[in-house]
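Here is the file entry-v7.cif (mmCIF, C-alpha atoms).
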data_entry
loop_
_atom_site.label_atom_id
_atom_site.label_comp_id
_atom_site.auth_asym_id
_atom_site.auth_seq_id
_atom_site.Cartn_x
_atom_site.Cartn_y
_atom_site.Cartn_z
CA MET A 1 2.14 -38.99 -26.12
CA LYS A 2 5.16 -39.56 -23.89
CA LYS A 3 2.87 -40.17 -20.86
CA VAL A 4 0.73 -42.65 -22.83
CA ALA A 5 3.82 -44.51 -24.06
CA ALA A 6 5.23 -44.69 -20.53
CA PHE A 7 1.92 -46.03 -19.18
CA LEU A 8 1.70 -48.73 -21.90
CA THR A 9 5.28 -49.74 -21.18
CA LEU A 10 4.42 -50.06 -17.45
CA LEU A 11 1.30 -52.11 -18.23
CA VAL A 12 3.23 -54.54 -20.44
CA PHE A 13 5.91 -54.79 -17.76
CA LEU A 14 3.39 -55.68 -15.02
CA LEU A 15 1.53 -58.19 -17.20
CA THR A 16 4.81 -59.84 -18.07
CA ILE A 17 5.76 -60.11 -14.41
CA PHE A 18 2.42 -61.36 -13.11
CA GLY A 19 1.97 -63.70 -16.06
CA PHE A 20 4.98 -65.67 -14.79
CA SER A 21 4.00 -68.68 -12.74
CA GLY A 22 6.83 -69.27 -10.29
CA ARG A 23 7.00 -71.38 -7.19
CA ALA A 24 5.27 -70.21 -3.99
CA LEU A 25 7.33 -67.99 -1.76
CA ALA A 26 6.90 -67.07 1.91
CA ALA A 27 6.33 -63.43 1.05
CA GLY A 28 2.84 -62.34 -0.01
CA VAL A 29 -0.30 -60.31 0.71
CA TYR A 30 -2.34 -61.01 3.85
CA ALA A 31 -5.53 -59.88 5.57
CA SER A 32 -5.44 -59.05 9.28
CA GLY A 33 -7.94 -57.89 11.89
CA GLY A 34 -10.08 -60.93 12.64
CA GLY A 35 -11.57 -62.04 15.92
CA ASN A 36 -14.89 -62.04 17.74
CA LYS A 37 -17.43 -59.40 16.72
CA ARG A 38 -21.08 -58.70 17.55
CA VAL A 39 -24.03 -58.00 15.30
CA GLY A 40 -24.03 -54.28 14.54
CA ASP A 41 -20.30 -53.81 15.18
CA THR A 42 -18.25 -51.92 12.59
CA PHE A 43 -14.59 -52.84 12.25
CA SER A 44 -11.68 -52.72 9.83
CA VAL A 45 -9.53 -55.29 8.02
CA THR A 46 -6.08 -54.36 6.67
CA ILE A 47 -4.70 -55.84 3.46
CA SER A 48 -0.88 -55.72 3.61
CA ALA A 49 2.07 -56.95 1.56
CA SER A 50 5.21 -58.05 3.41
CA GLY A 51 7.95 -60.66 3.77
CA THR A 52 10.39 -59.44 1.11
CA THR A 53 11.50 -56.44 -0.91
CA PHE A 54 9.12 -55.62 -3.76
CA ASP A 55 8.08 -52.79 -6.07
CA SER A 56 4.87 -54.16 -7.64
CA PHE A 57 2.03 -56.44 -6.60
CA GLN A 58 -1.32 -57.98 -7.51
CA GLY A 59 -4.07 -60.09 -5.98
CA ILE A 60 -7.83 -60.54 -5.49
CA ILE A 61 -9.74 -59.56 -2.33
CA SER A 62 -12.79 -61.62 -1.34
CA VAL A 63 -15.22 -60.78 1.47
CA SER A 64 -17.73 -63.47 2.45
CA GLY A 65 -20.07 -64.34 5.30
CA ASN A 66 -22.34 -62.32 7.58
CA VAL A 67 -20.80 -58.90 7.00
CA SER A 68 -21.44 -55.98 4.67
CA VAL A 69 -18.73 -53.86 3.08
CA ILE A 70 -19.04 -50.22 4.13
CA SER A 71 -15.96 -48.96 2.28
CA ILE A 72 -12.61 -49.99 0.81
CA SER A 73 -9.87 -47.35 0.89
CA LYS A 74 -6.64 -47.84 -1.02
CA GLY A 75 -3.17 -47.37 0.39
CA SER A 76 -0.38 -45.13 -0.84
CA ALA A 77 0.66 -47.22 -3.88
CA THR A 78 -0.12 -46.34 -7.50
CA PHE A 79 -2.83 -48.57 -8.96
CA LEU A 80 -3.59 -49.24 -12.60
CA PRO A 81 -6.91 -47.78 -13.82
CA GLY A 82 -9.73 -50.22 -13.04
CA LYS A 83 -7.35 -52.26 -10.87
CA GLU A 84 -7.87 -50.56 -7.54
CA PRO A 85 -8.75 -52.64 -4.45
CA SER A 86 -12.36 -53.89 -4.47
CA ASN A 87 -14.39 -56.84 -3.26
CA GLY A 88 -13.99 -59.65 -5.79
CA GLY A 89 -11.88 -57.65 -8.23
CA GLN A 90 -8.19 -57.88 -9.03
CA PHE A 91 -5.89 -55.15 -7.77
CA VAL A 92 -2.63 -54.28 -9.53
CA GLY A 93 -0.20 -51.63 -8.33
CA ILE A 94 3.37 -50.38 -8.20
CA THR A 95 5.35 -48.62 -5.50
CA THR A 96 8.84 -47.54 -4.64
CA GLU A 97 11.05 -50.26 -3.19
CA LYS A 98 9.28 -51.57 -0.06
CA SER A 99 9.52 -54.45 2.37
CA SER A 100 5.98 -53.87 3.73
CA LEU A 101 2.99 -51.88 2.48
CA THR A 102 -0.68 -51.36 3.35
CA ILE A 103 -2.52 -52.03 0.12
CA ALA A 104 -6.06 -51.37 1.35
CA THR A 105 -8.23 -50.92 4.43
CA ILE A 106 -11.71 -52.49 4.38
CA LYS A 107 -14.44 -51.22 6.72
CA LEU A 108 -17.05 -53.86 7.51
CA LYS A 109 -20.25 -54.20 9.52
CA ALA A 110 -21.41 -57.43 11.17
CA THR A 111 -24.97 -58.11 10.00
CA LYS A 112 -26.06 -61.30 11.78
CA ILE A 113 -24.88 -64.14 14.00
CA GLY A 114 -22.43 -66.52 12.31
CA SER A 115 -19.04 -66.06 10.71
CA ALA A 116 -17.24 -64.12 7.98
CA THR A 117 -13.93 -64.21 6.13
CA VAL A 118 -11.74 -61.76 4.24
CA SER A 119 -9.14 -63.45 2.03
CA VAL A 120 -6.53 -62.48 -0.55
CA SER A 121 -5.77 -64.88 -3.43
CA ALA A 122 -3.90 -64.94 -6.78
CA VAL A 123 -1.10 -63.00 -5.12
CA LYS A 124 2.14 -62.01 -6.82
CA LEU A 125 4.88 -59.73 -5.52
CA ALA A 126 7.65 -58.66 -7.90
CA TYR A 127 10.93 -56.82 -7.61
CA LYS A 128 12.79 -55.51 -10.68
CA GLY A 129 10.89 -57.85 -12.93
CA SER A 130 11.22 -61.02 -10.84
CA ILE A 131 8.51 -62.72 -8.79
CA VAL A 132 9.47 -62.60 -5.12
CA GLY A 133 6.28 -63.68 -3.34
CA SER A 134 2.95 -65.37 -4.03
CA ASP A 135 1.43 -66.24 -0.66
CA GLY A 136 -2.11 -65.11 0.08
CA GLY A 137 -3.78 -65.06 3.47
CA SER A 138 -7.15 -64.67 5.13
CA THR A 139 -8.69 -63.59 8.40
CA SER A 140 -11.91 -64.92 9.92
CA PHE A 141 -14.56 -63.55 12.29
CA THR A 142 -17.00 -65.12 14.71
CA ILE A 143 -20.09 -62.94 14.99
CA ASP A 144 -22.11 -63.19 18.19
CA ARG A 145 -25.46 -61.60 19.05
CA ALA A 146 -25.58 -57.86 19.74
CA LEU A 147 -25.34 -56.80 23.35
CA ASN A 148 -28.72 -55.90 24.81
CA VAL A 149 -27.70 -53.38 27.44
CA PRO A 150 -30.40 -51.54 29.45
CA ALA A 151 -31.98 -48.36 28.17
CA ALA A 152 -31.31 -45.09 29.97
CA PRO A 153 -33.49 -45.13 33.11
CA ALA A 154 -36.61 -42.92 33.16
CA VAL A 155 -36.03 -40.60 36.11
CA ALA A 156 -38.50 -38.49 38.15
CA SER A 157 -38.37 -36.36 41.29
CA SER A 158 -41.28 -35.93 43.71
CA SER A 159 -39.51 -32.98 45.38
CA HIS A 160 -38.37 -31.18 42.21
CA PRO A 161 -40.62 -32.53 39.42
CA ASP A 162 -39.97 -29.92 36.70
CA GLN A 163 -36.38 -29.59 35.51
CA SER A 164 -37.08 -26.08 34.18
CA GLN A 165 -38.33 -24.78 37.54
CA SER A 166 -36.67 -23.89 40.87
CA TYR A 167 -37.99 -25.15 44.19
CA THR A 168 -37.36 -24.19 47.82
CA ALA A 169 -37.19 -27.79 49.04
CA THR A 170 -33.66 -28.68 50.18
CA ASP A 171 -34.27 -32.45 50.41
CA VAL A 172 -33.98 -33.93 46.91
CA VAL A 173 -35.97 -37.14 46.32
CA MET A 174 -35.15 -39.08 43.13
CA SER A 175 -36.77 -42.21 41.70
CA TRP A 176 -36.48 -44.21 38.48
CA ASP A 177 -38.06 -47.15 36.71
CA LYS A 178 -36.61 -50.60 37.30
CA ALA A 179 -36.41 -52.48 34.00
CA SER A 180 -36.48 -56.26 33.68
CA GLY A 181 -33.08 -57.91 33.83
CA VAL A 182 -31.33 -54.96 35.47
CA THR A 183 -28.89 -56.10 38.15
CA GLY A 184 -27.80 -52.73 39.53
CA TYR A 185 -27.48 -48.98 39.09
CA SER A 186 -24.65 -46.50 39.31
CA TYR A 187 -25.52 -42.89 40.11
CA VAL A 188 -23.79 -39.60 40.94
CA PHE A 189 -25.30 -36.40 42.39
CA ASP A 190 -23.16 -33.32 41.67
CA GLN A 191 -23.17 -29.88 40.04
CA ALA A 192 -21.77 -30.89 36.62
CA ALA A 193 -24.21 -31.28 33.72
CA ASP A 194 -22.67 -34.27 31.92
CA THR A 195 -21.04 -36.54 34.51
CA THR A 196 -20.87 -40.25 33.63
CA PRO A 197 -21.26 -42.50 36.69
CA PRO A 198 -18.50 -45.11 37.21
CA ALA A 199 -18.99 -48.65 35.91
CA LYS A 200 -19.67 -49.95 39.41
CA ALA A 201 -23.12 -50.46 40.88
CA ASN A 202 -23.89 -48.56 44.09
CA THR A 203 -27.55 -49.57 44.50
CA THR A 204 -30.19 -52.06 43.44
CA ASP A 205 -33.03 -49.82 44.68
CA ASN A 206 -35.00 -47.37 42.53
CA THR A 207 -35.12 -44.37 44.85
CA VAL A 208 -32.66 -42.19 46.75
CA THR A 209 -32.86 -39.00 48.87
CA PHE A 210 -30.18 -36.32 49.15
CA ALA A 211 -30.96 -34.37 52.32
CA SER A 212 -30.24 -30.76 53.30
CA GLN A 213 -28.80 -29.48 50.03
CA ALA A 214 -27.65 -25.86 49.72
CA ILE A 215 -29.19 -23.36 47.32
CA GLY A 216 -27.91 -23.94 43.77
CA THR A 217 -28.18 -26.13 40.67
CA TYR A 218 -27.51 -29.86 40.81
CA TYR A 219 -27.65 -32.85 38.45
CA PHE A 220 -28.57 -36.47 39.11
CA HIS A 221 -26.81 -38.92 36.76
CA ILE A 222 -27.74 -42.62 36.59
CA LYS A 223 -27.17 -45.67 34.38
CA ALA A 224 -28.26 -49.31 34.65
CA GLN A 225 -26.41 -52.61 34.32
CA ASN A 226 -27.49 -56.08 33.20
CA GLY A 227 -25.67 -59.22 32.09
CA ASP A 228 -24.60 -57.57 28.82
CA GLY A 229 -23.11 -54.46 30.40
CA TRP A 230 -23.94 -50.82 31.17
CA GLY A 231 -26.57 -48.76 29.40
CA SER A 232 -26.57 -45.06 28.57
CA VAL A 233 -26.83 -42.29 31.16
CA THR A 234 -29.84 -40.20 32.20
CA HIS A 235 -29.12 -36.65 33.46
CA PHE A 236 -31.76 -34.88 35.59
CA LYS A 237 -31.47 -31.20 36.59
CA ILE A 238 -32.38 -30.00 40.09
CA SER A 239 -32.66 -26.28 40.99
CA ILE A 240 -32.96 -25.11 44.62
CA LYS A 241 -33.83 -21.46 45.24
CA GLU A 242 -34.08 -19.12 48.20
CA PRO A 243 -37.17 -19.78 50.34
CA ASP A 244 -40.08 -17.47 49.64
CA ALA A 245 -40.86 -14.83 52.26
CA LYS A 246 -43.65 -15.91 54.67
CA VAL A 247 -46.05 -13.96 56.83
CA ASN A 248 -45.60 -14.29 60.59
CA GLU A 249 -49.11 -13.83 61.91
CA SER A 250 -47.82 -13.14 65.42
CA LEU A 251 -46.36 -9.82 64.24
CA GLY A 252 -48.41 -6.65 64.21
CA LYS A 253 -49.50 -5.18 60.91
CA PRO A 254 -48.18 -1.68 60.02
CA SER A 255 -50.32 1.06 61.53
CA GLU A 256 -50.57 4.78 62.28
CA ILE A 257 -50.12 5.51 58.57
CA THR A 258 -50.39 9.15 57.46
CA ILE A 259 -49.99 10.89 54.11
CA SER A 260 -49.06 14.57 54.18
CA LYS A 261 -47.35 17.38 52.28
CA THR A 262 -43.72 18.28 53.00
CA ALA A 263 -42.17 21.76 53.00
CA ASP A 264 -40.99 21.04 49.44
CA PHE A 265 -44.45 20.22 48.14
CA ALA A 266 -44.79 21.25 44.47
CA ASN A 267 -48.03 21.44 42.51
CA ASP A 268 -47.75 21.42 38.70
CA ILE A 269 -51.29 22.02 37.52
CA LYS A 270 -50.28 22.14 33.86
CA LYS A 271 -48.82 18.61 33.95
CA GLY A 272 -51.29 17.32 36.52
CA THR A 273 -48.54 16.19 38.91
CA VAL A 274 -47.41 16.86 42.46
CA SER A 275 -44.24 16.12 44.45
CA GLY A 276 -43.11 16.49 48.04
CA ILE A 277 -45.31 13.93 49.81
CA SER A 278 -44.53 12.14 53.08
CA ILE A 279 -45.89 8.69 53.95
CA LYS A 280 -45.29 7.84 57.63
CA GLY A 281 -46.25 4.92 59.80
CA LYS A 282 -45.17 2.29 62.26
CA THR A 283 -44.08 -1.34 61.85
CA GLU A 284 -41.68 -3.78 63.53
CA PRO A 285 -38.35 -2.12 64.50
CA GLY A 286 -35.66 -2.64 61.86
CA TYR A 287 -38.16 -3.97 59.31
CA LEU A 288 -38.41 -2.64 55.77
CA ALA A 289 -41.79 -1.01 55.17
CA ASN A 290 -42.82 -1.98 51.62
CA ILE A 291 -45.42 0.48 50.36
CA VAL A 292 -47.82 -0.38 47.55
CA LEU A 293 -49.65 2.42 45.71
CA ASP A 294 -52.45 1.75 43.25
CA PRO A 295 -52.12 3.09 40.61
CA SER A 296 -48.37 2.56 40.82
CA PRO A 297 -46.36 5.71 40.02
CA THR A 298 -43.43 5.69 37.61
CA LEU A 299 -40.31 5.59 39.77
CA PRO A 300 -37.15 7.46 38.77
CA GLU A 301 -33.96 5.42 38.64
CA GLY A 302 -32.73 4.56 42.13
CA LYS A 303 -36.07 5.26 43.85
CA LEU A 304 -38.03 2.60 45.76
CA LEU A 305 -41.40 2.58 47.50
CA SER A 306 -39.88 1.35 50.77
CA ALA A 307 -38.33 2.72 53.94
CA THR A 308 -36.58 1.09 56.92
CA ALA A 309 -38.17 1.50 60.35
CA ASN A 310 -35.98 2.84 63.17
CA GLU A 311 -35.46 1.27 66.60
CA THR A 312 -38.94 2.40 67.68
CA GLY A 313 -40.60 1.07 64.51
CA ASN A 314 -41.27 4.46 62.88
CA PHE A 315 -40.68 4.85 59.15
CA GLU A 316 -41.06 7.65 56.61
CA LEU A 317 -41.01 7.59 52.81
CA LEU A 318 -40.47 10.86 50.95
CA ILE A 319 -41.87 11.12 47.45
CA ASP A 320 -39.69 13.93 46.11
CA TYR A 321 -40.41 13.23 42.46
CA PRO A 322 -43.57 14.00 40.42
CA ILE A 323 -46.55 11.66 40.61
CA ARG A 324 -49.94 12.28 39.07
CA SER A 325 -52.69 13.79 41.13
CA GLY A 326 -55.91 11.85 41.74
CA SER A 327 -57.13 8.99 43.90
CA TYR A 328 -54.90 6.23 45.30
CA LYS A 329 -55.09 3.04 47.33
CA LEU A 330 -52.25 2.35 49.78
CA THR A 331 -51.08 -0.68 51.79
CA VAL A 332 -47.89 -1.31 53.79
CA GLN A 333 -46.19 -4.59 54.72
CA GLY A 334 -43.09 -4.99 56.87
CA GLN A 335 -40.30 -7.36 55.85
CA LEU A 336 -37.06 -8.59 57.44
CA ASP A 337 -35.21 -11.09 55.25
CA LYS A 338 -37.80 -13.85 54.60
CA VAL A 339 -40.21 -12.79 57.38
CA LEU A 340 -43.26 -10.66 56.54
CA THR A 341 -45.72 -8.85 58.77
CA PRO A 342 -49.42 -8.97 57.96
CA ILE A 343 -50.52 -6.31 55.45
CA SER A 344 -51.83 -3.04 56.82
CA ASP A 345 -55.43 -1.90 56.50
CA LEU A 346 -56.26 -0.48 53.08
CA ILE A 347 -56.13 3.32 52.92
CA TYR A 348 -57.85 5.44 50.27
CA PHE A 349 -56.55 8.95 49.73
CA GLU A 350 -56.91 11.66 47.16
CA ILE A 351 -54.40 14.26 45.95
CA SER A 352 -56.18 17.29 44.50
CA GLN A 353 -54.54 20.36 42.99
CA GLU A 354 -57.09 22.90 44.21
CA LYS A 355 -55.97 25.72 46.52
CA GLY A 356 -52.30 24.95 46.04
CA GLY A 357 -52.73 21.19 46.41
CA GLN A 358 -54.55 19.14 49.04
CA ILE A 359 -54.28 15.58 50.38
CA HIS A 360 -57.47 13.99 51.70
CA VAL A 361 -57.52 10.60 53.44
CA LEU A 362 -60.89 9.02 52.75
CA THR A 363 -62.71 6.97 55.40
CA SER A 364 -65.89 4.95 55.64
CA ASN A 365 -67.70 8.19 56.41
CA ASP A 366 -67.03 9.34 52.83
CA THR A 367 -70.03 8.31 50.80
CA ASN A 368 -68.41 8.68 47.41
CA VAL A 369 -64.98 7.13 47.43
CA PRO A 370 -63.71 8.12 43.97
CA VAL A 371 -62.95 5.48 41.41
CA ILE A 372 -59.36 5.67 40.20
CA PRO A 373 -59.56 6.32 36.45
CA PRO A 374 -57.11 4.62 34.13
CA LEU A 375 -54.58 6.75 32.33
CA LYS A 376 -55.78 8.28 29.07
CA TRP A 377 -53.84 7.43 25.97
CA TYR A 378 -52.50 10.95 25.72
CA GLU A 379 -51.36 10.82 29.34
CA LYS A 380 -49.05 7.95 28.48
CA ILE A 381 -47.21 9.89 25.79
CA ASN A 382 -43.62 10.87 26.48
CA TYR A 383 -43.69 14.63 25.93
CA ARG A 384 -40.00 14.80 25.09
CA VAL A 385 -40.46 12.27 22.29
CA VAL A 386 -43.51 14.17 21.01
CA SER A 387 -41.53 17.43 21.02
CA ILE A 388 -38.75 15.83 18.96
CA ILE A 389 -41.26 14.43 16.45
CA LEU A 390 -43.11 17.75 16.13
CA GLY A 391 -39.81 19.61 15.73
CA GLY A 392 -38.79 17.25 12.94
CA LEU A 393 -42.12 17.71 11.16
CA MET A 394 -41.75 21.49 11.47
CA ILE A 395 -38.30 21.38 9.83
CA ILE A 396 -39.68 19.23 6.99
CA LEU A 397 -42.59 21.66 6.42
CA ILE A 398 -40.28 24.70 6.41
CA GLY A 399 -37.99 22.95 3.89
CA LEU A 400 -40.96 22.03 1.69
CA PHE A 401 -42.31 25.58 1.84
CA SER A 402 -38.90 27.02 0.87
CA PHE A 403 -38.60 24.56 -2.03
CA LEU A 404 -42.03 25.55 -3.37
CA GLN A 405 -41.17 29.25 -3.15
CA ILE A 406 -37.89 28.79 -5.03
CA ARG A 407 -39.62 26.73 -7.75
CA SER A 408 -42.36 29.36 -8.09
CA LYS A 409 -39.81 32.17 -8.49
CA ARG A 410 -37.97 30.18 -11.19
CA ARG A 411 -41.17 29.67 -13.15
CA LEU A 412 -41.98 33.40 -12.99
CA LYS A 413 -38.46 34.25 -14.14
CA ASN A 414 -38.68 31.82 -17.06
CA THR A 415 -41.99 33.29 -18.23
#
So that I can check it, write out the structure of this file as structure tokens.
Amino acid sequence: MKKVAAFLTLLVFLLTIFGFSGRALAAGVYASGGGNKRVGDTFSVTISASGTTFDSFQGIISVSGNVSVISISKGSATFLPGKEPSNGGQFVGITTEKSSLTIATIKLKATKIGSATVSVSAVKLAYKGSIVGSDGGSTSFTIDRALNVPAAPAVASSSHPDQSQSYTATDVVMSWDKASGVTGYSYVFDQAADTTPPAKANTTDNTVTFASQAIGTYYFHIKAQNGDGWGSVTHFKISIKEPDAKVNESLGKPSEITISKTADFANDIKKGTVSGISIKGKTEPGYLANIVLDPSPTLPEGKLLSATANETGNFELLIDYPIRSGSYKLTVQGQLDKVLTPISDLIYFEISQEKGGQIHVLTSNDTNVPVIPPLKWYEKINYRVVSIILGGLMIILIGLFSFLQIRSKRRLKNT
């Protein structure tokens, strides 16, 4: 009840003050923030009281012309219920002793060419029950057409057409469409993804080439200018990779290739595997002999099917890990950095496990070159995993059997 009584007392006090019609004073409530705007612009107008010391105020805000009101936010004063700042409505509020105060901030949007006005009328400022100001003020806007800046240029590259791919070309060729009304372009070529080119044209052409670029990732950034200003930026990604290795046909292809058993040859008939095999041959001195076996064996960690040739061109690869027995196809190709030799002649050979293990190189004189069979499904199974699974099933069965025995004994005992 005390709060209600206090509020009614305040309301009567304010009505008494603002019901008094005194002479106009220099102090009052004004709108500020006018000027030239463009269609589509959003901007703010501030409604402020100033010019004298006051502790209460009132007035009416009016927005007119080619703008729409987005929002009206009140200041830090205390407003009477239903008397908060609004377009066309009266505001009434109190505050601690002030000489200036932001009553409201209005956010507007320019809707079409023309003009607009925000004004404050029926103003009264009071201090300790006396009217101290009644001036109202307005601010006006001239609204011009929206700027029609260029769209972001559509960019393409004949040397690196797909932004998601890498290319070996080191000369980067860029091109872009040339829209009507464009007076110039500003571009930057760097290794940052979001660079904005400076607001200064550096070309009127629609193509540029960046020659002899190093391996790496680059970005081409470009924007266009017309009489209304600069448009938005297009970013285009360029990826340059190491050149692919190429065959030098003037080099000799690897030759004198032999496949034989070593002193550590091991023959595991049960698993169908052998180990201890030597593959020798000759290629360019210092070149890496890359050996391809079909079917390809499973390589242990750290093992490769390659060997470096010595100063005379001889190389040797030792297969000291198990591979399956059977028929194979073999080729060898030498490589030094990005230079490849031609591929060797295709060699067929067979690893059998009879008589302690034999290696037979097959030639055109062999009438029945064996077909290499694909692995059976059971040959692909990891025996360690199978052992773990079978062991787990065995434990479960033993536990189930024990449970059934104990339950059976309890039933016999109960009967």
*Can you turn the PyMOL selection byres ((chain A and resi 245-250) around 12) into a concrete residue list for this file, as a ChimeraX atom specification?*
/A:168,241-244,251-253,284,333-343
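Considering only C-alpha atoms, the residue among A:Trp230, A:Tyr321, A:Phe315, A:Phe79 positioned nearest to Ile279 (chain A) is A:Phe315.
Between CA of Gln358 (chain A) and CA of Asp345 (chain A) lies a distance of 22.3 Å.
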List, as a compact mmCIF listing (two decimals) with C-alpha atoms, in the frame of the given file, every residue that the PyMOL selection byres ((chain A and resi 117) around 10) selects in the file provided.
# COMPACT_ATOMS: atom_id res chain seq x y z
CA ALA A 31 -5.53 -59.88 5.57
CA GLY A 34 -10.08 -60.93 12.64
CA SER A 62 -12.79 -61.62 -1.34
CA VAL A 63 -15.22 -60.78 1.47
CA SER A 64 -17.73 -63.47 2.45
CA GLY A 65 -20.07 -64.34 5.30
CA ASN A 66 -22.34 -62.32 7.58
CA VAL A 67 -20.80 -58.90 7.00
CA SER A 115 -19.04 -66.06 10.71
CA ALA A 116 -17.24 -64.12 7.98
CA VAL A 118 -11.74 -61.76 4.24
CA SER A 119 -9.14 -63.45 2.03
CA SER A 138 -7.15 -64.67 5.13
CA THR A 139 -8.69 -63.59 8.40
CA SER A 140 -11.91 -64.92 9.92
CA PHE A 141 -14.56 -63.55 12.29
CA THR A 142 -17.00 -65.12 14.71
*When the PyMOL selection byres ((chain A and resi 214-216) around 12) is applied to the file above, which residues end up in the set, as a list in words?*
Ser166, Tyr167, Thr168, Ala169, Thr170, Asp171, Val172, Asp190, Gln191, Ala192, Phe210, Ala211, Ser212, Gln213, Thr217, Tyr218, Tyr219, Lys237, Ile238, Ser239, Ile240, Lys241, Glu242 and Pro243 of chain A
